[in-house]
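Trainee: Supplied structure: target-v6.csv, CSV, C-alpha atoms and all ligand atoms.
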```csv
chain,number,residue,atom,x,y,z
A,234,MET,CA,89.5,108.3,88.6
A,235,SER,CA,90.4,112.0,88.4
A,236,GLU,CA,86.7,112.8,89.0
A,237,ARG,CA,87.3,111.5,92.6
A,238,ILE,CA,90.1,114.0,93.1
A,239,GLU,CA,89.3,117.6,94.2
A,240,ILE,CA,91.6,120.6,94.7
A,241,ILE,CA,90.4,123.1,97.3
A,242,ARG,CA,91.8,126.0,99.2
A,243,GLY,CA,91.5,125.7,103.0
A,244,ASP,CA,92.9,124.8,106.4
A,245,ILE,CA,93.3,121.0,106.7
A,246,THR,CA,92.8,121.2,110.5
A,247,ARG,CA,89.1,122.0,109.8
A,248,SER,CA,88.6,119.1,107.4
A,249,ASP,CA,85.7,116.7,107.8
A,250,ALA,CA,87.3,113.9,105.8
A,251,ASP,CA,87.5,110.4,107.4
A,252,ALA,CA,91.3,110.9,107.5
A,253,ILE,CA,93.7,113.8,107.0
A,254,ALA,CA,97.4,113.4,106.1
A,255,ASN,CA,100.0,115.2,108.1
A,256,ALA,CA,103.3,116.4,106.5
A,257,ALA,CA,105.2,115.1,109.5
A,258,ASN,CA,108.9,114.7,110.2
A,259,THR,CA,110.6,111.3,110.8
A,260,SER,CA,110.4,111.7,114.6
A,261,LEU,CA,106.6,112.1,114.5
A,262,LEU,CA,107.0,114.3,117.5
A,263,GLY,CA,105.5,117.4,116.0
A,264,GLY,CA,107.1,120.4,114.2
A,265,GLY,CA,106.2,123.6,112.4
A,266,GLY,CA,103.9,124.3,109.5
A,267,VAL,CA,100.9,122.1,109.0
A,268,ASP,CA,102.3,119.5,111.5
A,269,GLY,CA,102.2,122.1,114.3
A,270,ALA,CA,98.7,123.2,113.3
A,271,ILE,CA,97.4,119.6,113.3
A,272,HIS,CA,98.9,118.9,116.7
A,273,ARG,CA,97.4,122.1,118.2
A,274,ALA,CA,94.0,121.4,116.7
A,275,ALA,CA,94.0,117.7,117.7
A,276,GLY,CA,95.1,118.3,121.3
A,277,PRO,CA,97.9,116.8,123.4
A,278,ARG,CA,96.6,113.2,123.2
A,279,LEU,CA,97.8,113.2,119.5
A,280,LEU,CA,101.4,113.7,120.6
A,281,GLU,CA,101.0,111.0,123.3
A,282,GLU,CA,99.9,108.5,120.7
A,283,CYS,CA,102.7,109.6,118.3
A,284,ARG,CA,105.3,108.9,121.0
A,285,THR,CA,104.3,105.2,121.0
A,286,LEU,CA,105.0,104.9,117.2
A,287,HIS,CA,108.8,105.4,117.4
A,288,GLY,CA,109.1,107.5,114.3
A,289,CYS,CA,108.5,106.8,110.6
A,290,GLU,CA,110.7,106.5,107.5
A,291,THR,CA,110.5,109.2,104.8
A,292,GLY,CA,108.0,108.1,102.1
A,293,LYS,CA,106.1,105.8,104.5
A,294,ALA,CA,103.1,106.6,106.8
A,295,LYS,CA,101.7,105.7,110.2
A,296,ILE,CA,98.1,106.2,111.5
A,297,THR,CA,96.7,107.6,114.7
A,298,ARG,CA,93.3,108.7,115.9
A,299,GLY,CA,92.2,112.3,115.2
A,300,TYR,CA,91.2,113.2,118.8
A,301,ASN,CA,89.8,116.8,118.8
A,302,LEU,CA,89.8,116.9,115.0
A,303,LYS,CA,86.7,116.2,113.0
A,304,ALA,CA,88.7,113.7,111.0
A,305,LYS,CA,88.7,110.2,112.7
A,306,TYR,CA,92.3,109.5,111.7
A,307,VAL,CA,95.6,111.3,111.0
A,308,LEU,CA,98.0,109.7,108.5
A,309,HIS,CA,101.5,110.9,109.5
A,310,THR,CA,103.9,110.9,106.6
A,311,PRO,CA,107.4,112.4,106.5
A,312,GLY,CA,108.0,113.9,103.0
A,313,PRO,CA,111.4,114.1,101.4
A,314,VAL,CA,113.5,117.2,101.8
A,315,TRP,CA,114.3,118.6,98.3
A,316,HIS,CA,118.0,118.2,97.4
A,317,GLY,CA,117.7,119.1,93.7
A,318,GLY,CA,115.7,116.1,92.5
A,319,GLY,CA,118.5,113.6,92.0
A,320,HIS,CA,118.1,111.9,95.4
A,321,GLY,CA,115.0,109.9,95.0
A,322,GLU,CA,112.7,112.7,96.0
A,323,ALA,CA,110.0,112.0,93.5
A,324,GLU,CA,109.8,108.3,94.5
A,325,LYS,CA,109.7,109.1,98.2
A,326,LEU,CA,107.0,111.7,97.7
A,327,ALA,CA,104.9,109.3,95.7
A,328,GLY,CA,105.4,106.8,98.5
A,329,CYS,CA,104.0,109.3,101.0
A,330,TYR,CA,100.7,109.5,99.1
A,331,ARG,CA,100.5,105.8,98.4
A,332,SER,CA,101.3,104.8,102.0
A,333,CYS,CA,98.7,107.1,103.4
A,334,LEU,CA,96.0,105.8,101.0
A,335,ALA,CA,96.9,102.2,101.7
A,336,LEU,CA,96.4,102.9,105.5
A,337,ALA,CA,93.1,104.7,104.7
A,338,SER,CA,91.8,101.7,102.8
A,339,GLU,CA,92.9,99.4,105.6
A,340,TYR,CA,91.0,101.4,108.2
A,341,GLY,CA,87.9,101.8,106.1
A,342,CYS,CA,88.2,105.4,105.3
A,343,LYS,CA,86.2,106.6,102.2
A,344,THR,CA,87.4,110.2,102.1
A,345,VAL,CA,91.0,111.5,102.6
A,346,ASP,CA,92.4,115.0,102.6
A,347,PHE,CA,96.0,115.9,102.0
A,348,PRO,CA,98.1,119.0,102.5
A,349,SER,CA,100.8,119.7,99.9
A,350,ILE,CA,103.5,117.5,101.4
A,351,SER,CA,107.1,118.7,101.2
A,352,THR,CA,106.4,122.0,99.5
A,353,GLY,CA,106.8,124.2,102.7
A,354,VAL,CA,109.9,124.0,104.8
A,355,TYR,CA,111.1,120.9,102.9
A,356,GLY,CA,111.5,123.0,99.8
A,357,TYR,CA,110.1,120.7,97.1
A,358,PRO,CA,109.1,122.9,94.0
A,359,VAL,CA,105.3,122.9,94.1
A,360,ASP,CA,104.8,122.4,90.3
A,361,LYS,CA,106.9,119.2,90.4
A,362,ALA,CA,105.4,118.0,93.7
A,363,ALA,CA,101.8,118.5,92.4
A,364,ARG,CA,102.5,116.3,89.3
A,365,VAL,CA,104.0,113.5,91.5
A,366,ALA,CA,101.2,113.8,94.1
A,367,LEU,CA,98.4,113.6,91.6
A,368,SER,CA,99.8,110.8,89.5
A,369,ALA,CA,100.4,108.8,92.7
A,370,ILE,CA,96.8,109.5,93.9
A,371,ALA,CA,95.2,108.8,90.5
A,372,GLY,CA,97.2,105.5,90.2
A,373,TYR,CA,96.1,104.4,93.6
A,374,LEU,CA,92.4,105.3,93.0
A,375,ALA,CA,92.4,103.4,89.7
A,376,GLU,CA,93.0,100.2,91.7
A,377,HIS,CA,91.0,101.1,94.8
A,378,PRO,CA,87.3,101.9,94.3
A,379,GLU,CA,86.8,101.9,98.1
A,380,ILE,CA,88.3,105.4,98.4
A,381,GLU,CA,85.5,107.7,97.2
A,382,ARG,CA,87.1,111.1,97.3
A,383,VAL,CA,90.6,112.5,97.8
A,384,ARG,CA,91.1,116.3,98.2
A,385,MET,CA,94.2,118.3,98.1
A,386,VAL,CA,93.7,121.1,100.7
A,387,CYS,CA,95.9,124.0,99.6
A,388,PHE,CA,96.7,126.7,102.1
A,389,ASP,CA,97.5,129.4,99.5
A,390,GLU,CA,96.3,130.3,96.0
A,391,GLY,CA,99.7,129.6,94.3
A,392,THR,CA,99.6,126.0,95.7
A,393,LYS,CA,96.0,125.6,94.6
A,394,ARG,CA,96.9,126.8,91.0
A,395,ALA,CA,99.8,124.3,90.8
A,396,TYR,CA,97.6,121.4,91.8
A,397,GLU,CA,94.8,122.5,89.4
A,398,ALA,CA,97.3,122.6,86.5
A,399,ALA,CA,98.7,119.2,87.4
A,400,LEU,CA,95.2,117.7,87.6
A,401,ALA,CA,94.3,119.1,84.2
A,402,GLU,CA,97.4,117.3,82.8
A,403,LEU,CA,96.5,113.9,84.2
A,501,LIG,P1,106.9,120.2,104.7
A,501,LIG,O1,107.9,120.2,105.9
A,501,LIG,O2,106.5,118.8,104.3
A,501,LIG,O3,107.4,121.0,103.6
A,501,LIG,P2,105.1,122.3,105.7
A,501,LIG,O4,104.1,122.2,106.8
A,501,LIG,O5,106.3,123.3,105.9
A,501,LIG,O6,105.6,120.8,105.3
A,501,LIG,O7,104.3,122.8,104.4
A,501,LIG,C1,103.5,121.9,103.6
A,501,LIG,C2,102.4,122.7,103.0
A,501,LIG,O8,101.3,122.8,104.0
A,501,LIG,C3,102.7,124.1,102.6
A,501,LIG,O9,102.0,124.4,101.3
A,501,LIG,C4,102.0,125.0,103.7
A,501,LIG,O10,101.6,126.2,103.2
A,501,LIG,C5,100.8,124.1,104.0
A,501,LIG,N1,100.1,124.4,105.2
A,501,LIG,C6,100.5,125.0,106.4
A,501,LIG,N2,99.5,125.0,107.3
A,501,LIG,C7,98.4,124.4,106.7
A,501,LIG,C8,97.1,124.1,107.1
A,501,LIG,N3,96.6,124.4,108.3
A,501,LIG,N4,96.3,123.5,106.2
A,501,LIG,C9,96.7,123.1,105.0
A,501,LIG,N5,98.0,123.3,104.5
A,501,LIG,C10,98.8,124.0,105.4
```
Mind turning this structure into structure tokens?
Ligand code: ADP
Mentor:
Amino acid sequence: MSERIEIIRGDITRSDADAIANAANTSLLGGGGVDGAIHRAAGPRLLEECRTLHGCETGKAKITRGYNLKAKYVLHTPGPVWHGGGHGEAEKLAGCYRSCLALASEYGCKTVDFPSISTGVYGYPVDKAARVALSAIAGYLAEHPEIERVRMVCFDEGTKRAYEAALAEL
């Protein structure tokens, strides 16, 4: 299944995948980083729809339309804040990827793009996050042939290198 996983450098707000994931916070009411960028690119109707969802637990996901984005759907998932690794961070981070992909399957998406969840403001070390993310994605893909392609859209070169290294280890 790792041939269905790609690592690219880019800006996820320009993605043409069926669905993109958003590294949201539990309020789902917008924030900084990739969350702010997705809300700006999608337009104000995204926040209107998010208000109807009443938040989301860390490690789970909720879906909205994509509005002005090329992507048809946004999968909003609050990643864990890094507290040293002994507070269930890895299980919650894996849950983010699995929950997003389960929603993507349910809504008939064949292609899904992810940003590097939790490795910005939430402080998750990117090497560790990359291993968790890619094993969760590969595990899901092994059971779900309906998802044809998952891309990690990395905003900077260091993040891209970390995901490439983790993919090579799968
Ligand atoms: P978190 O709060 O989950 O840590 P952040 O948005 O702070 O989320 O960062 C997550 C990752 O998203 C970081 O690697 C950051 O560089 C990256 N990022 C920021 N803007 C974009 C974007 N437009 N496209 C893709 N990745 C982005």
Trainee: Taking all atoms listed in the file into account, produce a table as a tab-separated table in which each residue of chain A with an atom at most 10 Å from an atom of ligand LIG 501 (chain A) appears once, together with its shortest atom pair and the distance in Å to one decimal, ordered by chain and rising number.
Mentor:
```
residue	atom	partner	partner_atom	distance
A:Ile241	CA	A:LIG501	C9	9.9
A:Arg242	CA	A:LIG501	C9	8.1
A:Gly243	CA	A:LIG501	C9	6.1
A:Asp244	CA	A:LIG501	N4	3.6
A:Ile245	CA	A:LIG501	N4	3.9
A:Thr246	CA	A:LIG501	N3	5.4
A:Arg247	CA	A:LIG501	N3	8.0
A:Ser248	CA	A:LIG501	N4	8.9
A:Ile253	CA	A:LIG501	C9	10.0
A:Ala254	CA	A:LIG501	C9	9.8
A:Asn255	CA	A:LIG501	O4	8.2
A:Ala256	CA	A:LIG501	O2	4.6
A:Ala257	CA	A:LIG501	O2	6.5
A:Asn258	CA	A:LIG501	O1	7.1
A:Gly264	CA	A:LIG501	O4	8.2
A:Gly265	CA	A:LIG501	O4	6.1
A:Gly266	CA	A:LIG501	O4	3.4
A:Val267	CA	A:LIG501	N2	3.6
A:Asp268	CA	A:LIG501	O4	5.7
A:Gly269	CA	A:LIG501	O4	7.7
A:Ala270	CA	A:LIG501	N3	5.6
A:Ile271	CA	A:LIG501	N3	7.0
A:Ala274	CA	A:LIG501	N3	9.3
A:Thr310	CA	A:LIG501	O2	8.6
A:Pro311	CA	A:LIG501	O2	6.8
A:Gly312	CA	A:LIG501	O2	5.3
A:Pro313	CA	A:LIG501	O2	7.4
A:Val314	CA	A:LIG501	O3	7.4
A:Trp315	CA	A:LIG501	O3	9.0
A:Leu326	CA	A:LIG501	O2	9.7
A:Asp346	CA	A:LIG501	C9	9.5
A:Phe347	CA	A:LIG501	C9	7.8
A:Pro348	CA	A:LIG501	N5	4.7
A:Ser349	CA	A:LIG501	C2	4.6
A:Ile350	CA	A:LIG501	O2	4.4
A:Ser351	CA	A:LIG501	O2	3.2
A:Thr352	CA	A:LIG501	O3	4.3
A:Gly353	CA	A:LIG501	O7	3.3
A:Val354	CA	A:LIG501	O5	3.8
A:Tyr355	CA	A:LIG501	O3	3.8
A:Gly356	CA	A:LIG501	O3	5.9
A:Tyr357	CA	A:LIG501	O3	7.0
A:Pro358	CA	A:LIG501	O3	9.9
A:Val359	CA	A:LIG501	O9	8.1
A:Met385	CA	A:LIG501	C9	8.8
A:Val386	CA	A:LIG501	C9	5.6
A:Cys387	CA	A:LIG501	N5	5.4
A:Phe388	CA	A:LIG501	N5	4.4
A:Asp389	CA	A:LIG501	O10	6.4
A:Glu390	CA	A:LIG501	O9	9.8
A:Gly391	CA	A:LIG501	O9	9.0
A:Thr392	CA	A:LIG501	O9	6.3
A:Lys393	CA	A:LIG501	O9	9.1
```
Trainee: Have a look at CA of Cys289 (chain A) and CA of Ala371 (chain A) and let me know their distance in Å, one decimal.
Mentor: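 Taking CA of Cys289 (chain A) and CA of Ala371 (chain A), their separation equals 24.2 Å.
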Trainee: Please return as an NGL selection string every residue within 12 Å of (94.2, 105.4, 106.5), taking into account only C-alpha atoms and the file's own coordinates.
Mentor: :A and (250-255 or 294-299 or 304-310 or 329-347 or 379-380 or 383)
Trainee: One number please: CA of Val365 (chain A) to CA of Glu239 (chain A), in Å, one decimal.
Mentor: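 CA of Glu239 (chain A) lies at a distance of 15.5 Å from CA of Val365 (chain A).
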Trainee: Could you tell me how far CA of Ala366 (chain A) sits from CA of Leu280 (chain A), in Å to one decimal place?
Mentor: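 So the two atoms, CA of Leu280 (chain A) and CA of Ala366 (chain A), lie 26.5 Å apart.
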Trainee: Counting all atoms listed in the file, which of A:Leu367, A:Gly263, A:Gly319, A:Arg237 gets nearest to Pro277 (chain A)?
Mentor: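 Between A:Leu367, A:Gly263, A:Gly319, A:Arg237, the residue approaching Pro277 (chain A) most closely is A:Gly263.
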Trainee: Find the residue from A:His316, A:Arg364, A:Lys325, A:Arg273 that sits nearest to Glu402 (chain A); use all atoms listed in the file when measuring.
Mentor: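 Going through A:His316, A:Arg364, A:Lys325, A:Arg273 one by one, the smallest distance to Glu402 (chain A) is for A:Arg364.
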Trainee: Could you tell me which of A:Glu281, A:Asp360, A:Asp249, A:Glu290 comes closest to Leu302 (chain A) if we count only C-alpha atoms?
Mentor: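 Of the candidates, the smallest distance to Leu302 (chain A) is held by A:Asp249.
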